Structures are given as structure tokens and as C-alpha cells.
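Engineer: Got a structure here, written out as C-alpha cells. Questions coming.
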There are 2 protein chains.
Amino acid sequence: MRIDSVDLFYLRMPEVLDIGDGSQDMLLVRVEADGAVGWGECEASPLTSIASFITPLSHSACHPVGDSVVGQRLDDVADIARISAEVRARSLDLLQAEHTLSGIEIAMWDLLGRAQGRPVWQLLGHERSFAKTPYASSLFGDDPQETLEKAAAVRRLGYRAAKFGWGPYGTTTADADADHVHAAREGLGEEGILLVDAGTVFGEDVEAAALRLPALEQARVTWLEEPFTSGALGSYKALAGRAATVRLAGGEGAHSPLMAEHMIDHAGIGFVQIDTGRVGGIGDAARVARHAAAAGVTFVNHTFTSHLALSASLQPFAGMESDWLCEYPVEAKALAREATTTHLDVDADGTVAAPDAPGLGLEVDLEALRRYLVDVEISVNGTTLYKTPELRA
Amino acid sequence: MRIDSVDLFYLRMPEVLDIGDGSQDMLLVRVEADGAVGWGECEASPLTSIASFITPLSHSACHPVGDSVVGQRLDDVADIARISAEVRARSLDLLQAEHTLSGIEIAMWDLLGRAQGRPVWQLLGHERSFAKTPYASSLFGDDPQETLEKAAAVRRLGYRAAKFGWGPYGTTTADADADHVHAAREGLGEEGILLVDAGTVFGEDVEAAALRLPALEQARVTWLEEPFTSGALGSYKALAGRAATVRLAGGEGAHSPLMAEHMIDHAGIGFVQIDTGRVGGIGDAARVARHAAAAGVTFVNHTFTSHLALSASLQPFAGMESDWLCEYPVEAKALAREATTTHLDVDADGTVAAPDAPGLGLEVDLEALRRYLVDVEISVNGTTLYKTPELRA
């Protein structure tokens, strides 16, 4: 097959709020090759990524992303890796390129899987798709009572694991944070697996983060996620050395497999969290999963948006039984929920698995998505380089 | 002072070629606060960076860059650091933000220096501006004879040091590369300091790079730059261990001080090369220079464009006498040469220094630049979010 077209669609909710909810907009990618179609989603600023796809050439290492994709052969898995390498080399100095590439790469896997009638995890060489324990991913409440009620609600929904993050955590005192963490434990019950996400709030400040450790350990929190800026390897390593039972988690900011591998090799983390829609796509996420397994670090997906993104994020570690946990968005906005006609529902036994169907195993709901489509136009010296295309099957 | 406006200008040559010459276009930044004006340059894809500055909000960690700059107080050096930290936190998930921030941050230093009548290196706490030995930065010729002639020309111009890079290097055989390296040495003469830039051509392939070591050492090359992808720490470290006399150089791809510090701490490099227009600006580059000094690694600027960018890149290590070398673009296109009315010329003693004049110490040539100005328009749902502003003093 030959890639005939790559279309990017910016979709968003009628109102986008200044809150830590990444499901309020979406950059959807459609790739077509010889009549076959695949879909992917970038976890990225939509308008900025569109610009990176169509921007005029700056020099030989700063090509628009589109230059290295459209017109390429796409017959097997090796072609996807080759195209990704070409994007990375020819757009080396275009920072946004790796976020944009991620959604395109995912769409290529979906297309290839559909064309061959096989699920992506099979194309990756996994023998089966192991069920994962989903954790419900929520924002902390504005006060501890709201956090407690949110945790109790998650428990009533049947989740065995829950994560609370962002919101007020880390923005005032360690005591105030402790109240939220204890409230989350109370709401979730003694048996639940409790995770906390600090949303990089401590920058590189090890002492500020260390003040939160006693409450986290008293509440038997399994991991403290992103206490620091992505890539603050030294701060992570220092905090990990001071924790008794709580493990550190991080890596969602990685926009290349190398960055994630630095976290595994040099930051002392117990869990590496990869957003397939940022790291370069499914192939790169699978590379990180293999590196993590070799290092004894547990691989977990990072997903806060649609089930298309969730399926893409589950494929890379579908076949790895010991990577047992998965992030499962429970507060996603209507846009993210309506993006697909089918969903990856939690099974009766409380688990979720990458589907057995071809490609990513989900159908995009074009009719629903058209209501959220944003009309973008970018022109340079009077020539229109991008105009929102028609959203078609 | 209060930041009243931040304007971004995309400038480019009438023809942009698919060659490794980053001076073919430019993203210029103008910051105005209470009537004072400062200028900076991003080393970035212009259109993509413009989009990152004006894109609609995605969520609380994916703000447009402009949101965190316009309207801010700017009275002293600490304000610059505070604004930068705010951009990084509020645009955490907007990958392009750090490239865009870099030019804005530089313009803030220029503005503050002009307002206070002091050069930027003084604001940074340096006691004086030490002269650096410039190395002429050129592309390899298409064949060894052309490389020899280019090296001889650089020598005739009086440069004591020269770097050759990109072009055919690493794309065919080790023997062909050896011919280029020996030709460069022949043209430059026995005394000249010779540097080689592989332009990340070997990816992460240590063996391919190691095949080039004998010729580099025979030709007494001081450094081999970027044999690998930015951040391939393990590959760098392995190659460094196999080199006898040639040192590795890298870091130009770093878009945060942390990434550069990883290279210093974990990659075995002898020289860290920082592009102030990418790493986050002058404050972040100065942080890397201090980290490098503490680790015994030599700091060098990475600059391939205008003298505005050159001045910005010299400020962070102006006061550090042991960081003696500086990159000096000799093949820059007319756009880059004409961007300023004054230039940082090589002195009679063959050295270059950050100027003693206020701010970056150079005047932007508005009349010349207007000829290169690109007309950009970006609209979202019928609202124009960006239209190229007037280029004014």
C-alpha cells in the first residue's frame, strides 16, 4: 500500500475550562492507503500539531511532519518504524513533531491491523492480550470532603484501584495534602489500591515532596506520581531513596523512548507511565515496555482521553502479564466518550483488555464527532496551507 | 514595568533549500514593556512556534505560551525566571512551548538590560566578558576536494578553529568519511583546531560511529559532535569509552536545562553545546554553564543564525574564562547577516566577545528585515488568532 493522505482534525468541547482535564479537546488523525483507513489520536495541542504538519520547510532537519509520511509505502510493521525514523530525522529541530508523529503512527498501526484482519497487539508479536486491572483516574476534589465522596463513588462503581491527582495537591501545606490523601483512602476503603498524582507541582524541590511522604505511607499509597518536572532525574532518584513503601511513578511527559528509558535507568521509579499519543506512538511505547521489563520496572499506560487513545495505549503491553495495571479515564468529557461507537468496557471480573478485533478494535463515530469539529485555516503569504478537511469514513 | 505586548515575526529567504543550513528562516520576537523594547530569536520552526503562542487553551497544563507572558511584571532578573517557570508549568503538555519561550526569554533579557543600561552578562552576575576563540562553522563539501577548499578558505580568513559537519558525513562508508576528515585537516593546516559534526547521523548505532574513530584521531580532531540522536545517553557513553583522544560533543537539541544536564551527567561528553534559542533562553543556558563547570565539561554555544542569536548565546558563559571556544557562523544567509545593523566581528587578535553595550548590544535592522517578512494568518472558527503584525521599533 501507499499512503495517499493524512488528515488532521481538531475537535473540542463547546467550553474548555482551565482545569487539569485533558479530554476537553482532541487531535484526531486519519491515514488512508489504497482505500484502507486507520485512525489515531495525538495527546497534543491540536492547533500547534497541525502547524507542525504543514509548516513550510526551514532546513534539512526541520521539515514539516507531513513531508515524511504522505506517499510512503506501508506494507508491514517495518514500514511504520522506517517512517517514524524518517520523521524524527527530517524534523529533528521541529520540537512539536514527536507529538504529531504519535497520532499518525497509531493510525498506521490501526490501518495495517485492519488491512491484515489482525489486532495491533498481534502485529507487535504478543501471543495474547492479558486483562489489566483498571484504575479510575480522577482529579482531587476542591476540599477533602469532595475527595472522599469522589473516592466512595469510584468504589461503588466497582473499581479496585483509584488515582487522585492535580487540583489543590501540593499547592498549599503538607497537612492540607495529608487530609486529601486520608480522605481518598477513607472513601476508597481499606482494600482499594490508592495512587496519588502530584502533577509535577514540586518542580525539582525534593524537600517539599519529602514532606508529603509520611501521609502517603500512612494511607498505604502504592505510588506517588510525577512529584517533579518530567526528566528531573536527580530529584526523582533522591526522593525514591527517602521513601519506605511508596514507589515513584513518572514518564508521561516522555516524547521519545529515550526519555522514558532515562527515567527507568536513572530516576529510581517503580512504575513507568507512557502516553502512546506522545512518546512517538505504539512502536516506541512497546520499546519502552520491553526496556522496563528488563529493568524490573512496571509499565503502565497514561490515558486521560478517548477509548481510541485507551486502546492504542493498551496494545504495547497487552502481552505482558506482569504489567497488570492500566489507567482508565472515568471523568472524560462527552467528546472523548462519543469519539467511538464502541468502548473498552470493564468486564464483569473488573478487568479491561486490548480488544481481539482488527487494528485498534474500535469504530470512530463520525456523526458524533462532526458536532465538535473546529474550523481551522492557516495561510502563509496568501497560500492556504491548511483548511479543516471533511470528516469522512 | 509591565509586559504590554509580545510580537512574533516569521522571516525567511526568498528560497529555502533542503540543506543543513538553519539560517534560511528566522522567528524574531519583540517584547515591549512600558515603552522599553527587547528583541530575541527562537531557534525553532517559525509557523509552529507562532501557533503555540496563540493556540486556544486545551487544559490547565496546555495553555498557549502567550497566556503566561503578556501582562506580567518585568522589573528584575527574578521576574524573568518566574515568567519562564510559569510558561513551563502552564504549557507543560505543549511540546513546542520551550522553543517558543526561548526567544521570548532572550527578548526579556535584552529589554531589561537596555532599560537598566547594562549588558546582559552583567545582569547574569558575570564580572567581565572574556574573549572567546571563534570556530568557523561550515557544512562539509559534496566531495573531499570541496571540503579541502572550504577549509583552506576558512584558514585564509584567519580562523584558528573550524568545524565541518552534515552533508555527506556518515551517509556512505567510513572510508569516504575519512577522506573528508583528512581533506579538512589538510585545508586547515597542521595547527588549526579541527572539529567534526556528525549531525546525529548514526542514530543510536555505536558500532557505526566507532568505525569513524581511527580517522578522526589520526586527523587530530578535537571533538566529534552529535554522532547520535539527542539524548541517546547510553550510546554516547559507550562511544566515549572507546575513544582515545577525540572527545564527544553534544547537547544542542536540549530544550530544557535538565536535558543538557543529563548529557553532562550520563553521556561522557567533553563539551556541552547549548543553543540559547532552544534550551529555554539565557537564564537556562547559564544554569547549564554552571552545571558543566562543576562537572569539568566545557560549555560552548550552538549558533548557526544571526548575530542577535550569537550575542544571546555568548552571554550565559561570557564570564567563564575556561570556556574558551565559541561557535561562529560563517556561511549564514543574507537574512541572518542583515538582521542586525551591527555585528560581533572577530577582533584583530582573532577572538570574539559578548559586547559591553546594554542588553544584547546589537541593533535590529528593521528596514532590512521587512523585505523578508512572511505574511501569516491563522483563524479558528472564523476568528483570526494571528496575523503578522507590523515590524516596528
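Chain labels follow the order of the C-alpha cells: the first chain is A, the next B, and so on; residue numbering restarts at 1 in every chain, and ligands are counted from 1 in their shown order.
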For the strand (DSSP E or B) assignment from backbone DSSP, which residues of stretch 291-335 of chain B qualify? Please present them as a list of chain:residue names.
Structural biologist: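 Filtering stretch 291-335 of chain B down to strand (DSSP E or B) leaves B:Thr298, B:Phe299, B:Val300, B:Asn301, B:Leu325, B:Cys326, B:Glu327, B:Tyr328, B:Pro329.
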Engineer: Give me the residues of chain B that have any atom at most 8 Å from an atom of chain A; for each, the nearest atom pair and the distance in Å, rounded to one decimal. Use only C-alpha atoms, sort by chain and number, and format it as a tab-separated table.
Structural biologist:
```
residue	atom	partner	partner_atom	distance
B:Val16	CA	A:Ser58	CA	6.7
B:Leu17	CA	A:His59	CA	6.5
B:Asp18	CA	A:Ser60	CA	4.6
B:Ile19	CA	A:Ser60	CA	4.7
B:Gly20	CA	A:Ser60	CA	5.0
B:Asp21	CA	A:His59	CA	5.9
B:Gly22	CA	A:His59	CA	5.7
B:Gln24	CA	A:Ser58	CA	6.5
B:Asp25	CA	A:Ser58	CA	6.0
B:Ala44	CA	A:Leu94	CA	6.5
B:Ser45	CA	A:Leu94	CA	5.8
B:Leu47	CA	A:Thr55	CA	5.9
B:Thr48	CA	A:Ala51	CA	5.0
B:Ser49	CA	A:Thr48	CA	7.5
B:Ala51	CA	A:Thr48	CA	5.0
B:Ser52	CA	A:Thr48	CA	5.2
B:Thr55	CA	A:Leu47	CA	5.9
B:Pro56	CA	A:Leu47	CA	7.8
B:Leu57	CA	A:Val16	CA	7.0
B:Ser58	CA	A:Asp25	CA	6.0
B:His59	CA	A:Asp18	CA	5.4
B:Ser60	CA	A:Asp18	CA	4.6
B:Ala61	CA	A:Gly20	CA	6.6
B:Cys62	CA	A:Ser45	CA	7.0
B:Asp93	CA	A:Ala44	CA	6.9
B:Leu94	CA	A:Ser45	CA	5.8
B:Leu95	CA	A:Gln96	CA	5.3
B:Gln96	CA	A:Gln96	CA	4.9
B:His99	CA	A:Leu95	CA	7.3
B:Gly231	CA	A:Leu258	CA	6.7
B:Ala232	CA	A:Leu258	CA	6.4
B:Gly253	CA	A:Asp93	CA	7.3
B:Leu258	CA	A:Ala232	CA	6.4
B:Met259	CA	A:Gly231	CA	7.3
B:Val374	CA	A:Asn381	CA	6.1
B:Asp375	CA	A:Asn381	CA	4.7
B:Val376	CA	A:Val380	CA	4.6
B:Glu377	CA	A:Ser379	CA	5.3
B:Ile378	CA	A:Ile378	CA	4.6
B:Ser379	CA	A:Glu377	CA	5.3
B:Val380	CA	A:Val376	CA	4.6
B:Asn381	CA	A:Asp375	CA	4.7
B:Gly382	CA	A:Asp375	CA	7.3
```
Engineer: Separation of atom CA of B:Leu139 and atom CA of B:Trp39, in Å?
Structural biologist: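 So the two atoms, atom CA of B:Leu139 and atom CA of B:Trp39, lie 28.3 Å apart.
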Engineer: Show which residues sit within 8 Å of stretch 117-120 of chain B, as JSON, numbers by chain. Count only C-alpha atoms, and ignore same-chain residues fewer than 5 positions away.
Structural biologist: {"B": [109, 110, 315, 355, 356, 357, 358, 359, 360, 361]}
Engineer: Quick one: residues within 7 Å of stretch 181-193 of chain B, only C-alpha atoms counted, chain neighbours fewer than 4 positions away excluded, as a CSV table (one decimal) with N, CA, C and O atoms, in the first residue's frame?
Structural biologist:
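For reference, selection_18.csv as written:
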```csv
chain,number,residue,atom,x,y,z
B,144,PRO,N,35.6,15.4,-1.1
B,144,PRO,CA,36.7,15.9,-0.3
B,144,PRO,C,37.4,17.1,-0.8
B,144,PRO,O,37.9,17.9,0.0
B,145,GLN,N,37.5,17.2,-2.1
B,145,GLN,CA,38.2,18.4,-2.7
B,145,GLN,C,37.5,19.7,-2.3
B,145,GLN,O,38.1,20.7,-1.9
B,147,THR,N,35.6,20.1,0.3
B,147,THR,CA,35.9,20.2,1.8
B,147,THR,C,37.3,20.8,2.0
B,147,THR,O,37.4,21.8,2.8
B,148,LEU,N,38.3,20.4,1.3
B,148,LEU,CA,39.6,20.9,1.4
B,148,LEU,C,39.6,22.4,1.1
B,148,LEU,O,40.2,23.2,1.8
B,149,GLU,N,39.0,22.8,0.0
B,149,GLU,CA,38.9,24.2,-0.4
B,149,GLU,C,38.2,25.0,0.6
B,149,GLU,O,38.6,26.2,0.9
B,151,ALA,N,38.0,24.4,3.8
B,151,ALA,CA,38.9,24.5,5.0
B,151,ALA,C,40.0,25.5,4.7
B,151,ALA,O,40.4,26.3,5.6
B,152,ALA,N,40.6,25.5,3.5
B,152,ALA,CA,41.7,26.4,3.2
B,152,ALA,C,41.1,27.9,3.2
B,152,ALA,O,41.8,28.8,3.7
B,155,ARG,N,40.8,29.1,6.7
B,155,ARG,CA,42.2,29.3,7.2
B,155,ARG,C,42.6,30.7,6.8
B,155,ARG,O,43.2,31.5,7.5
B,160,ARG,N,41.4,30.2,13.7
B,160,ARG,CA,42.3,29.2,14.3
B,160,ARG,C,41.6,27.9,14.5
B,160,ARG,O,42.2,26.9,14.8
B,161,ALA,N,40.2,27.9,14.4
B,161,ALA,CA,39.5,26.7,14.6
B,161,ALA,C,38.3,26.6,13.6
B,161,ALA,O,37.8,27.6,13.2
B,162,ALA,N,38.0,25.4,13.2
B,162,ALA,CA,36.9,25.2,12.2
B,162,ALA,C,36.2,23.9,12.4
B,162,ALA,O,36.8,22.9,12.9
B,177,ASP,N,34.1,9.0,4.7
B,177,ASP,CA,34.2,10.0,5.7
B,177,ASP,C,35.6,10.3,6.1
B,177,ASP,O,35.9,11.5,6.3
B,216,LEU,N,39.3,10.1,12.7
B,216,LEU,CA,39.2,11.3,13.5
B,216,LEU,C,40.4,11.5,14.4
B,216,LEU,O,40.9,12.6,14.5
B,219,ALA,N,43.5,12.4,12.3
B,219,ALA,CA,43.5,13.8,11.9
B,219,ALA,C,43.5,14.8,13.1
B,219,ALA,O,43.2,16.0,12.9
B,222,THR,N,39.4,17.5,17.5
B,222,THR,CA,39.2,17.8,18.9
B,222,THR,C,37.9,17.2,19.5
B,222,THR,O,37.9,16.7,20.6
```
Engineer: Quick check for you: according to DSSP on this backbone, which residues of stretch 85-145 of chain A are classed as alpha helix (DSSP H)? Reply as a PyMOL selection string.
Structural biologist: chain A and resi 85-90+97-116+120-123+144-145
Engineer: Please dump the current selection as a CSV table (one decimal), in the first residue's frame; keep N, CA, C and O atoms.
Structural biologist:
```
chain,number,residue,atom,x,y,z
A,85,ALA,N,11.2,6.8,11.9
A,85,ALA,CA,12.6,7.2,11.9
A,85,ALA,C,12.9,8.4,11.0
A,85,ALA,O,13.7,9.3,11.3
A,86,GLU,N,12.2,8.3,9.8
A,86,GLU,CA,12.4,9.4,8.9
A,86,GLU,C,11.8,10.7,9.4
A,86,GLU,O,12.4,11.8,9.2
A,87,VAL,N,10.6,10.6,10.0
A,87,VAL,CA,10.1,11.9,10.6
A,87,VAL,C,11.0,12.4,11.6
A,87,VAL,O,11.3,13.6,11.6
A,88,ARG,N,11.5,11.6,12.5
A,88,ARG,CA,12.4,12.1,13.6
A,88,ARG,C,13.7,12.7,13.0
A,88,ARG,O,14.2,13.7,13.5
A,89,ALA,N,14.3,12.1,11.9
A,89,ALA,CA,15.5,12.7,11.4
A,89,ALA,C,15.2,14.0,10.6
A,89,ALA,O,15.9,14.9,10.8
A,90,ARG,N,14.2,14.0,9.8
A,90,ARG,CA,13.9,15.1,8.9
A,90,ARG,C,13.2,16.3,9.7
A,90,ARG,O,13.2,17.4,9.2
A,97,ALA,N,7.1,17.9,16.6
A,97,ALA,CA,7.0,16.8,15.6
A,97,ALA,C,6.7,15.5,16.3
A,97,ALA,O,5.9,14.7,15.8
A,98,GLU,N,7.3,15.2,17.5
A,98,GLU,CA,7.1,13.9,18.1
A,98,GLU,C,5.7,13.7,18.6
A,98,GLU,O,5.2,12.6,18.6
A,99,HIS,N,5.0,14.8,19.1
A,99,HIS,CA,3.6,14.7,19.5
A,99,HIS,C,2.8,14.4,18.3
A,99,HIS,O,1.8,13.6,18.3
A,100,THR,N,3.1,15.1,17.2
A,100,THR,CA,2.3,15.0,16.0
A,100,THR,C,2.4,13.6,15.4
A,100,THR,O,1.5,12.9,15.0
A,101,LEU,N,3.7,13.1,15.3
A,101,LEU,CA,4.0,11.8,14.8
A,101,LEU,C,3.2,10.7,15.6
A,101,LEU,O,2.8,9.7,15.0
A,102,SER,N,3.1,10.9,16.9
A,102,SER,CA,2.5,9.8,17.7
A,102,SER,C,1.1,9.4,17.2
A,102,SER,O,0.8,8.2,17.1
A,103,GLY,N,0.2,10.4,16.9
A,103,GLY,CA,-1.1,10.0,16.4
A,103,GLY,C,-1.1,9.4,15.0
A,103,GLY,O,-1.9,8.5,14.7
A,104,ILE,N,-0.1,9.9,14.2
A,104,ILE,CA,0.0,9.4,12.9
A,104,ILE,C,0.5,7.9,12.9
A,104,ILE,O,-0.1,7.0,12.2
A,105,GLU,N,1.4,7.7,13.8
A,105,GLU,CA,2.0,6.3,13.9
A,105,GLU,C,0.9,5.3,14.4
A,105,GLU,O,0.7,4.2,13.9
A,106,ILE,N,0.1,5.8,15.4
A,106,ILE,CA,-1.0,5.0,15.9
A,106,ILE,C,-2.0,4.7,14.7
A,106,ILE,O,-2.5,3.5,14.6
A,107,ALA,N,-2.3,5.7,13.9
A,107,ALA,CA,-3.3,5.4,12.8
A,107,ALA,C,-2.7,4.4,11.8
A,107,ALA,O,-3.4,3.7,11.2
A,108,MET,N,-1.4,4.5,11.6
A,108,MET,CA,-0.7,3.5,10.7
A,108,MET,C,-0.9,2.1,11.2
A,108,MET,O,-1.1,1.1,10.4
A,109,TRP,N,-0.7,1.9,12.5
A,109,TRP,CA,-0.9,0.5,13.1
A,109,TRP,C,-2.4,0.1,12.9
A,109,TRP,O,-2.7,-1.1,12.6
A,110,ASP,N,-3.3,1.0,13.2
A,110,ASP,CA,-4.8,0.7,13.0
A,110,ASP,C,-5.0,0.3,11.6
A,110,ASP,O,-5.7,-0.7,11.3
A,111,LEU,N,-4.5,1.0,10.7
A,111,LEU,CA,-4.7,0.8,9.2
A,111,LEU,C,-4.2,-0.6,8.9
A,111,LEU,O,-4.8,-1.4,8.2
A,112,LEU,N,-2.9,-0.9,9.3
A,112,LEU,CA,-2.3,-2.1,8.9
A,112,LEU,C,-3.0,-3.3,9.6
A,112,LEU,O,-3.2,-4.4,8.9
A,113,GLY,N,-3.4,-3.2,10.8
A,113,GLY,CA,-4.2,-4.2,11.5
A,113,GLY,C,-5.5,-4.5,10.8
A,113,GLY,O,-5.9,-5.7,10.6
A,114,ARG,N,-6.2,-3.5,10.4
A,114,ARG,CA,-7.5,-3.7,9.7
A,114,ARG,C,-7.2,-4.3,8.4
A,114,ARG,O,-8.0,-5.2,8.0
A,115,ALA,N,-6.2,-3.9,7.7
A,115,ALA,CA,-5.9,-4.4,6.3
A,115,ALA,C,-5.6,-5.9,6.4
A,115,ALA,O,-5.9,-6.7,5.5
A,116,GLN,N,-4.9,-6.3,7.5
A,116,GLN,CA,-4.5,-7.7,7.7
A,116,GLN,C,-5.5,-8.5,8.5
A,116,GLN,O,-5.2,-9.7,8.8
A,120,VAL,N,-3.7,-5.1,16.7
A,120,VAL,CA,-2.4,-4.5,16.7
A,120,VAL,C,-1.4,-5.2,17.7
A,120,VAL,O,-0.2,-5.4,17.3
A,121,TRP,N,-1.9,-5.7,18.8
A,121,TRP,CA,-1.0,-6.4,19.7
A,121,TRP,C,-0.5,-7.7,19.1
A,121,TRP,O,0.7,-8.1,19.4
A,122,GLN,N,-1.2,-8.3,18.1
A,122,GLN,CA,-0.7,-9.4,17.4
A,122,GLN,C,0.4,-9.0,16.5
A,122,GLN,O,1.5,-9.6,16.4
A,123,LEU,N,0.2,-7.9,15.8
A,123,LEU,CA,1.3,-7.3,14.9
A,123,LEU,C,2.5,-7.0,15.7
A,123,LEU,O,3.7,-7.1,15.1
A,144,PRO,N,-11.3,18.1,51.1
A,144,PRO,CA,-11.2,16.7,51.4
A,144,PRO,C,-12.6,16.0,51.4
A,144,PRO,O,-12.6,14.8,51.0
A,145,GLN,N,-13.6,16.6,51.8
A,145,GLN,CA,-15.0,16.0,51.7
A,145,GLN,C,-15.3,15.6,50.3
A,145,GLN,O,-15.8,14.5,50.1
```
